[in-house]
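Here the structure is laid out as structure tokens; the discussion comes afterwards.
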Amino acid sequence: MLVNGAVITGKGAAKSRTAEEVEQIRVILRGRFDDANSEYEDALAESHKLRLVEIGDAAGDDQADSGSKTAERDAASSLLRTLLDRRTQAEHAMQRLDDGAYGNCEGCHNPIPVERLEVFPSATTCVNCKQVRERRAG
């Protein structure tokens, strides 16, 4: 099956992909990595600016001001973690592509449905294995 023109799944698909198909997948994943990396760098720079403003503007803060700054800091940290996670997922998917494991579930080793990879090209598990992981974690 194709995603943006690239074959992405099927039992043993990694072995049957042409070099051109692998390169198309790599371009998609690299684009996701680059986007996440750019967003991460921008958010990191913004976080540093926020901290500098906090340091220089803390005199005379009341509890409400402190609470607002803490909430802003927490939101910025959460955003940074999310962006770093997206970047790491894309990087992991590219490594799986290099290893020939891309498109197969890390849990059950069955092919990941094309529809899942179309929405989330960095997916490493099928829907069933993902649900099992989430149930165990939650």
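If you're wondering about the labels, chains in the structure tokens are A, B, ... by order shown, residues count from 1 in each chain, ligands from 1 in order shown.
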Contacts of range 120-130 of chain A at 8 Å or less, counting only C-alpha atoms, minus same-chain residues fewer than 4 places along, as number ranges by chain? A: 29, 89-90, 92-93, 102-108, 110-113, 116, 134
Could you give me, as a PDB file with all heavy atoms, in the first residue's frame, the residues within 12 Å of Glu46 in chain A, counting only C-alpha atoms and dropping anything in the same chain fewer than 3 positions from it?
```pdb
ATOM      1  N   GLU A  39      10.197  22.939  15.488  1.00  0.00           N
ATOM      2  CA  GLU A  39       9.253  23.371  16.514  1.00  0.00           C
ATOM      3  C   GLU A  39       9.890  23.293  17.898  1.00  0.00           C
ATOM      4  O   GLU A  39       9.677  24.174  18.740  1.00  0.00           O
ATOM      5  CB  GLU A  39       7.992  22.508  16.485  1.00  0.00           C
ATOM      6  CG  GLU A  39       7.094  22.766  15.300  1.00  0.00           C
ATOM      7  CD  GLU A  39       5.863  21.878  15.332  1.00  0.00           C
ATOM      8  OE1 GLU A  39       5.143  21.914  16.355  1.00  0.00           O
ATOM      9  OE2 GLU A  39       5.641  21.141  14.358  1.00  0.00           O
ATOM     10  N   TYR A  40      10.663  22.237  18.139  1.00  0.00           N
ATOM     11  CA  TYR A  40      11.332  22.072  19.429  1.00  0.00           C
ATOM     12  C   TYR A  40      12.324  23.207  19.674  1.00  0.00           C
ATOM     13  O   TYR A  40      12.343  23.798  20.753  1.00  0.00           O
ATOM     14  CB  TYR A  40      12.041  20.720  19.493  1.00  0.00           C
ATOM     15  CG  TYR A  40      12.823  20.509  20.761  1.00  0.00           C
ATOM     16  CD1 TYR A  40      12.181  20.186  21.949  1.00  0.00           C
ATOM     17  CD2 TYR A  40      14.213  20.656  20.776  1.00  0.00           C
ATOM     18  CE1 TYR A  40      12.892  20.009  23.130  1.00  0.00           C
ATOM     19  CE2 TYR A  40      14.930  20.474  21.951  1.00  0.00           C
ATOM     20  CZ  TYR A  40      14.269  20.147  23.121  1.00  0.00           C
ATOM     21  OH  TYR A  40      14.982  19.979  24.273  1.00  0.00           O
ATOM     22  N   GLU A  41      13.141  23.502  18.677  1.00  0.00           N
ATOM     23  CA  GLU A  41      14.129  24.576  18.818  1.00  0.00           C
ATOM     24  C   GLU A  41      13.448  25.919  19.063  1.00  0.00           C
ATOM     25  O   GLU A  41      13.911  26.708  19.901  1.00  0.00           O
ATOM     26  CB  GLU A  41      15.034  24.637  17.579  1.00  0.00           C
ATOM     27  CG  GLU A  41      15.916  23.411  17.384  1.00  0.00           C
ATOM     28  CD  GLU A  41      16.910  23.180  18.506  1.00  0.00           C
ATOM     29  OE1 GLU A  41      17.363  24.166  19.130  1.00  0.00           O
ATOM     30  OE2 GLU A  41      17.231  22.004  18.769  1.00  0.00           O
ATOM     31  N   ASP A  42      12.352  26.194  18.346  1.00  0.00           N
ATOM     32  CA  ASP A  42      11.615  27.442  18.549  1.00  0.00           C
ATOM     33  C   ASP A  42      11.029  27.509  19.965  1.00  0.00           C
ATOM     34  O   ASP A  42      11.112  28.545  20.636  1.00  0.00           O
ATOM     35  CB  ASP A  42      10.488  27.586  17.519  1.00  0.00           C
ATOM     36  CG  ASP A  42      10.995  27.817  16.110  1.00  0.00           C
ATOM     37  OD1 ASP A  42      12.201  28.128  15.933  1.00  0.00           O
ATOM     38  OD2 ASP A  42      10.185  27.672  15.169  1.00  0.00           O
ATOM     39  N   ALA A  43      10.435  26.405  20.405  1.00  0.00           N
ATOM     40  CA  ALA A  43       9.833  26.361  21.743  1.00  0.00           C
ATOM     41  C   ALA A  43      10.902  26.478  22.826  1.00  0.00           C
ATOM     42  O   ALA A  43      10.679  27.118  23.861  1.00  0.00           O
ATOM     43  CB  ALA A  43       9.033  25.074  21.916  1.00  0.00           C
ATOM     44  N   LYS A  49      13.509  32.613  26.795  1.00  0.00           N
ATOM     45  CA  LYS A  49      13.081  34.010  26.922  1.00  0.00           C
ATOM     46  C   LYS A  49      12.152  34.178  28.120  1.00  0.00           C
ATOM     47  O   LYS A  49      12.279  35.137  28.887  1.00  0.00           O
ATOM     48  CB  LYS A  49      12.349  34.464  25.654  1.00  0.00           C
ATOM     49  CG  LYS A  49      13.222  34.736  24.474  1.00  0.00           C
ATOM     50  CD  LYS A  49      12.359  35.225  23.324  1.00  0.00           C
ATOM     51  CE  LYS A  49      13.047  35.051  22.005  1.00  0.00           C
ATOM     52  NZ  LYS A  49      12.150  35.382  20.883  1.00  0.00           N
ATOM     53  N   LEU A  50      11.214  33.239  28.265  1.00  0.00           N
ATOM     54  CA  LEU A  50      10.271  33.285  29.380  1.00  0.00           C
ATOM     55  C   LEU A  50      11.011  33.245  30.714  1.00  0.00           C
ATOM     56  O   LEU A  50      10.703  33.991  31.636  1.00  0.00           O
ATOM     57  CB  LEU A  50       9.284  32.113  29.275  1.00  0.00           C
ATOM     58  CG  LEU A  50       8.237  31.982  30.363  1.00  0.00           C
ATOM     59  CD1 LEU A  50       7.301  33.187  30.364  1.00  0.00           C
ATOM     60  CD2 LEU A  50       7.443  30.696  30.167  1.00  0.00           C
ATOM     61  N   ARG A  51      12.011  32.398  30.809  1.00  0.00           N
ATOM     62  CA  ARG A  51      12.789  32.292  32.056  1.00  0.00           C
ATOM     63  C   ARG A  51      13.553  33.583  32.349  1.00  0.00           C
ATOM     64  O   ARG A  51      13.644  33.999  33.497  1.00  0.00           O
ATOM     65  CB  ARG A  51      13.740  31.115  31.985  1.00  0.00           C
ATOM     66  CG  ARG A  51      12.985  29.804  31.922  1.00  0.00           C
ATOM     67  CD  ARG A  51      13.667  28.752  32.709  1.00  0.00           C
ATOM     68  NE  ARG A  51      12.945  27.510  32.523  1.00  0.00           N
ATOM     69  CZ  ARG A  51      12.421  26.838  33.516  1.00  0.00           C
ATOM     70  NH1 ARG A  51      12.545  27.269  34.738  1.00  0.00           N
ATOM     71  NH2 ARG A  51      11.778  25.722  33.298  1.00  0.00           N
ATOM     72  N   LEU A  52      14.119  34.175  31.287  1.00  0.00           N
ATOM     73  CA  LEU A  52      14.846  35.428  31.493  1.00  0.00           C
ATOM     74  C   LEU A  52      13.915  36.529  31.976  1.00  0.00           C
ATOM     75  O   LEU A  52      14.275  37.329  32.850  1.00  0.00           O
ATOM     76  CB  LEU A  52      15.553  35.854  30.207  1.00  0.00           C
ATOM     77  CG  LEU A  52      16.738  34.987  29.784  1.00  0.00           C
ATOM     78  CD1 LEU A  52      17.262  35.424  28.420  1.00  0.00           C
ATOM     79  CD2 LEU A  52      17.849  35.045  30.837  1.00  0.00           C
ATOM     80  N   VAL A  53      12.709  36.584  31.426  1.00  0.00           N
ATOM     81  CA  VAL A  53      11.728  37.574  31.859  1.00  0.00           C
ATOM     82  C   VAL A  53      11.343  37.317  33.308  1.00  0.00           C
ATOM     83  O   VAL A  53      11.237  38.246  34.114  1.00  0.00           O
ATOM     84  CB  VAL A  53      10.482  37.558  30.944  1.00  0.00           C
ATOM     85  CG1 VAL A  53       9.342  38.364  31.556  1.00  0.00           C
ATOM     86  CG2 VAL A  53      10.833  38.082  29.564  1.00  0.00           C
ATOM     87  N   GLU A  72       2.660  28.909  33.383  1.00  0.00           N
ATOM     88  CA  GLU A  72       3.313  29.138  32.086  1.00  0.00           C
ATOM     89  C   GLU A  72       4.543  28.259  31.932  1.00  0.00           C
ATOM     90  O   GLU A  72       4.787  27.683  30.869  1.00  0.00           O
ATOM     91  CB  GLU A  72       3.709  30.613  31.943  1.00  0.00           C
ATOM     92  CG  GLU A  72       2.548  31.543  31.717  1.00  0.00           C
ATOM     93  CD  GLU A  72       2.975  33.006  31.670  1.00  0.00           C
ATOM     94  OE1 GLU A  72       4.193  33.299  31.675  1.00  0.00           O
ATOM     95  OE2 GLU A  72       2.081  33.866  31.635  1.00  0.00           O
ATOM     96  N   ARG A  73       5.330  28.147  32.989  1.00  0.00           N
ATOM     97  CA  ARG A  73       6.536  27.318  32.968  1.00  0.00           C
ATOM     98  C   ARG A  73       6.175  25.847  32.758  1.00  0.00           C
ATOM     99  O   ARG A  73       6.806  25.149  31.965  1.00  0.00           O
ATOM    100  CB  ARG A  73       7.313  27.513  34.260  1.00  0.00           C
ATOM    101  CG  ARG A  73       8.727  27.016  34.216  1.00  0.00           C
ATOM    102  CD  ARG A  73       9.523  27.312  35.491  1.00  0.00           C
ATOM    103  NE  ARG A  73       9.167  28.536  36.171  1.00  0.00           N
ATOM    104  CZ  ARG A  73       8.621  28.600  37.390  1.00  0.00           C
ATOM    105  NH1 ARG A  73       8.374  27.516  38.072  1.00  0.00           N
ATOM    106  NH2 ARG A  73       8.340  29.755  37.941  1.00  0.00           N
ATOM    107  N   ALA A  75       3.443  24.667  31.309  1.00  0.00           N
ATOM    108  CA  ALA A  75       2.944  24.507  29.939  1.00  0.00           C
ATOM    109  C   ALA A  75       4.105  24.473  28.946  1.00  0.00           C
ATOM    110  O   ALA A  75       4.114  23.652  28.025  1.00  0.00           O
ATOM    111  CB  ALA A  75       1.978  25.639  29.590  1.00  0.00           C
ATOM    112  N   ALA A  76       5.087  25.326  29.139  1.00  0.00           N
ATOM    113  CA  ALA A  76       6.255  25.352  28.252  1.00  0.00           C
ATOM    114  C   ALA A  76       7.043  24.048  28.361  1.00  0.00           C
ATOM    115  O   ALA A  76       7.473  23.489  27.347  1.00  0.00           O
ATOM    116  CB  ALA A  76       7.148  26.543  28.580  1.00  0.00           C
ATOM    117  N   SER A  77       7.197  23.536  29.566  1.00  0.00           N
ATOM    118  CA  SER A  77       7.918  22.275  29.765  1.00  0.00           C
ATOM    119  C   SER A  77       7.170  21.109  29.119  1.00  0.00           C
ATOM    120  O   SER A  77       7.778  20.235  28.506  1.00  0.00           O
ATOM    121  CB  SER A  77       8.102  21.989  31.257  1.00  0.00           C
ATOM    122  OG  SER A  77       8.963  22.932  31.826  1.00  0.00           O
ATOM    123  N   LEU A  79       5.118  21.280  26.556  1.00  0.00           N
ATOM    124  CA  LEU A  79       5.262  21.425  25.112  1.00  0.00           C
ATOM    125  C   LEU A  79       6.625  20.911  24.656  1.00  0.00           C
ATOM    126  O   LEU A  79       6.730  20.185  23.663  1.00  0.00           O
ATOM    127  CB  LEU A  79       5.081  22.886  24.696  1.00  0.00           C
ATOM    128  CG  LEU A  79       5.302  23.193  23.210  1.00  0.00           C
ATOM    129  CD1 LEU A  79       4.303  22.442  22.343  1.00  0.00           C
ATOM    130  CD2 LEU A  79       5.227  24.686  22.960  1.00  0.00           C
ATOM    131  N   LEU A  80       7.669  21.270  25.392  1.00  0.00           N
ATOM    132  CA  LEU A  80       9.013  20.805  25.036  1.00  0.00           C
ATOM    133  C   LEU A  80       9.102  19.282  25.073  1.00  0.00           C
ATOM    134  O   LEU A  80       9.674  18.666  24.167  1.00  0.00           O
ATOM    135  CB  LEU A  80      10.061  21.416  25.968  1.00  0.00           C
ATOM    136  CG  LEU A  80      10.370  22.887  25.740  1.00  0.00           C
ATOM    137  CD1 LEU A  80      11.253  23.421  26.865  1.00  0.00           C
ATOM    138  CD2 LEU A  80      11.014  23.106  24.387  1.00  0.00           C
TER     139      LEU A  80
END
```
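Interatomic distance, CA of Gln24 in chain A against CA of Gly100 in chain A: 14.4 Å.
Counting from CA of Arg96 in chain A, the distance to CA of Ala19 in chain A is 15.0 Å.
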